[in-house]
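A short write-up of the structure that comes next.
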Amino acid sequence: MGGAMALTLAALAYPGMLGLSTVSSSPTRVIANTQWGPLTESDRDFVVKVRAAGLWEYPVGQIGLQKGSSKGVLTASRHLIDGHAALDTTCRKIAPMLNITLPNIASPQQEGFVNTLKSDSGKQFDTDFANILRMTHGAIFNTIAKIRSTTKNSLVRALADQANDTVLDHMTVMEKTGLVDFDQTLFQQTTPPKLPDTDLTPPPPAAGQPEVVLTPPPTATSTPVDIDAIAGGGNAPAPGVSPAPTVR
């Protein structure tokens with residue numbers, strides 16, 4: 001097969017047990033050997049997590065621009081939209097290269113965060129916005145560090161680098177709102193509620209459903225990873241090898 005990906009059937013299927021928590025019993029199990037390095041269950045889980053995070057935080061940023069009543073919340077909202085649009089571009093670029101099927105909507109738990117903020121107003125909105133987003137970014141920040149330090153896949157490593165910078169920025173702007181209750185937020189971050197796997201898992205896209213694209217704002221300052229430079233033009237399949245499936 002030359003340099004082409006040798007993929008297992010497990011990598012072709014939508015990962016039905018993926019969400020905010022790593023629920024696999026074998027997160028280090030290699031599910032595909034690719035020309036960019038082996039892909040583990042944790043690697044695949046991470047790419048899906050980054051995509052799912054953008055699917056709820058990007059619209060929350062849009063809501064924040066409409067409902068935010070403080071300068072800090074408005075600034076944080078712009079950072080959410082800018083950062084997750086760039087991360088989403090990277091996710092959508094590497095997913096078909098690694099045969100990872102991406103969700104089109106966030107998990108039920110994440111959608112619950114959105115609904116809470118939609119129902120809030122005034123000072124309550126600002127407070128919930130800052131604390132929910134500081135808690136969720138703090139939770140995935142540790143995951144990013146683990147993936148970055150352990151993955152052998154160069155595409156996943158590049159996404160982790162970008163996610164690290166973005167999430168650190170988002171944590172910082174939430175803290176700068178002056179609204180974060182650190183005692184409460186850190187307790188929720190380190191002691192998450194026991195939820196069923198279905199609440200933590202973004203559903204697979206419906207057959208034939210167009211891929212959701214998070215459009216960069218006109219004033220975008222964040223940039224996606226230059227995957228073509230990393231891949232070296234090696235994402236084309238070898239003769240006789242089917243290209244990775246993706247929903248467009």
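In the structure tokens, the first chain shown is A, the next is B, and so on; residue numbers restart at 1 for each chain, and ligands run from 1 in the order shown.
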
Exercise for review: Give me the residues within 12 Å of Cys91 in chain A as a VMD selection string, counting only C-alpha atoms and dropping any in the same chain fewer than 3 places off.
Suggested key: chain A and resid 44 to 55 84 to 88 94 to 103 155 to 160 162 to 163 211 to 214 224 to 227

Review point. Suppose you want the space between CA of Ala32 in chain A and CA of Ala231 in chain A; what is it in Å?
Key: 16.5 Å

Check your understanding: Which is closest to Ser42 in chain A among A:Asn153, A:Thr28, A:Asn164, A:Thr143, if we use only C-alpha atoms?
Key -> A:Thr28

Practice item. Per DSSP on the backbone, filter range 2-245 of chain A down to the residues in helix (DSSP H, G or I) and report them as a PyMOL selection string. Key: chain A and resi 9-12+41-67+71-97+108-119+122-150+154-175+182-190+197-200+227-231

Check your understanding: Per DSSP on the backbone, what are the strand (DSSP E or B) residues of range 37-75 of chain A, as an NGL selection string?
Key -> :A and (37-40)

Practice item. Extract, using only C-alpha atoms, all DNA, RNA and protein residues at most 12 Å from Gly112 in chain A, discarding same-chain residues fewer than 2 positions from it, and format them as a PyMOL selection string. Key: chain A and resi 56-57+60+106-110+114-119+132+199-200

Expected file: the selected residues, N, CA and C atoms, as a PDB file, in the first residue's frame:
ATOM      1  N   TRP A  56     -20.992  23.597  20.294  1.00  0.00           N
ATOM      2  CA  TRP A  56     -21.849  24.311  21.260  1.00  0.00           C
ATOM      3  C   TRP A  56     -21.229  25.633  21.700  1.00  0.00           C
ATOM      4  N   GLU A  57     -19.906  25.720  21.743  1.00  0.00           N
ATOM      5  CA  GLU A  57     -19.291  26.958  22.218  1.00  0.00           C
ATOM      6  C   GLU A  57     -19.340  28.074  21.171  1.00  0.00           C
ATOM      7  N   VAL A  60     -22.715  29.554  21.474  1.00  0.00           N
ATOM      8  CA  VAL A  60     -22.770  30.282  22.747  1.00  0.00           C
ATOM      9  C   VAL A  60     -22.054  31.625  22.620  1.00  0.00           C
ATOM     10  N   ALA A 106     -23.668  18.800  19.072  1.00  0.00           N
ATOM     11  CA  ALA A 106     -22.955  18.501  20.312  1.00  0.00           C
ATOM     12  C   ALA A 106     -23.692  17.422  21.109  1.00  0.00           C
ATOM     13  N   SER A 107     -23.112  17.024  22.224  1.00  0.00           N
ATOM     14  CA  SER A 107     -23.727  16.009  23.077  1.00  0.00           C
ATOM     15  C   SER A 107     -24.931  16.602  23.813  1.00  0.00           C
ATOM     16  N   PRO A 108     -25.839  15.753  24.319  1.00  0.00           N
ATOM     17  CA  PRO A 108     -26.967  16.262  25.095  1.00  0.00           C
ATOM     18  C   PRO A 108     -26.541  17.117  26.291  1.00  0.00           C
ATOM     19  N   GLN A 109     -25.454  16.739  26.971  1.00  0.00           N
ATOM     20  CA  GLN A 109     -24.975  17.551  28.086  1.00  0.00           C
ATOM     21  C   GLN A 109     -24.574  18.941  27.603  1.00  0.00           C
ATOM     22  N   GLN A 110     -23.856  18.994  26.496  1.00  0.00           N
ATOM     23  CA  GLN A 110     -23.413  20.280  25.959  1.00  0.00           C
ATOM     24  C   GLN A 110     -24.599  21.115  25.473  1.00  0.00           C
ATOM     25  N   VAL A 114     -26.106  25.020  26.503  1.00  0.00           N
ATOM     26  CA  VAL A 114     -26.616  26.044  25.588  1.00  0.00           C
ATOM     27  C   VAL A 114     -28.015  26.483  26.007  1.00  0.00           C
ATOM     28  N   ASN A 115     -28.868  25.511  26.341  1.00  0.00           N
ATOM     29  CA  ASN A 115     -30.241  25.836  26.730  1.00  0.00           C
ATOM     30  C   ASN A 115     -30.285  26.659  28.014  1.00  0.00           C
ATOM     31  N   THR A 116     -29.392  26.345  28.950  1.00  0.00           N
ATOM     32  CA  THR A 116     -29.322  27.139  30.186  1.00  0.00           C
ATOM     33  C   THR A 116     -29.013  28.595  29.875  1.00  0.00           C
ATOM     34  N   LEU A 117     -28.039  28.802  29.002  1.00  0.00           N
ATOM     35  CA  LEU A 117     -27.636  30.172  28.678  1.00  0.00           C
ATOM     36  C   LEU A 117     -28.691  30.883  27.824  1.00  0.00           C
ATOM     37  N   LYS A 118     -29.400  30.148  27.007  1.00  0.00           N
ATOM     38  CA  LYS A 118     -30.480  30.753  26.235  1.00  0.00           C
ATOM     39  C   LYS A 118     -31.588  31.276  27.152  1.00  0.00           C
ATOM     40  N   SER A 119     -31.815  30.580  28.272  1.00  0.00           N
ATOM     41  CA  SER A 119     -32.896  30.970  29.177  1.00  0.00           C
ATOM     42  C   SER A 119     -32.481  32.056  30.164  1.00  0.00           C
ATOM     43  N   ILE A 132     -19.704  28.355  33.484  1.00  0.00           N
ATOM     44  CA  ILE A 132     -19.863  27.128  32.696  1.00  0.00           C
ATOM     45  C   ILE A 132     -18.681  26.952  31.759  1.00  0.00           C
ATOM     46  N   ASP A 199     -25.660  10.846  27.380  1.00  0.00           N
ATOM     47  CA  ASP A 199     -25.654  12.295  27.605  1.00  0.00           C
ATOM     48  C   ASP A 199     -24.313  12.922  27.248  1.00  0.00           C
ATOM     49  N   LEU A 200     -23.265  12.115  27.273  1.00  0.00           N
ATOM     50  CA  LEU A 200     -21.918  12.623  27.030  1.00  0.00           C
ATOM     51  C   LEU A 200     -21.466  12.435  25.591  1.00  0.00           C
TER      52      LEU A 200
END

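Straight-line separation from CA of Ser77 in chain A to CA of Thr89 in chain A: 18.7 Å.
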
Study note, to complete from the structure: Here CA of Pro38 in chain A and CA of Ser149 in chain A stand apart by 14.4 Å
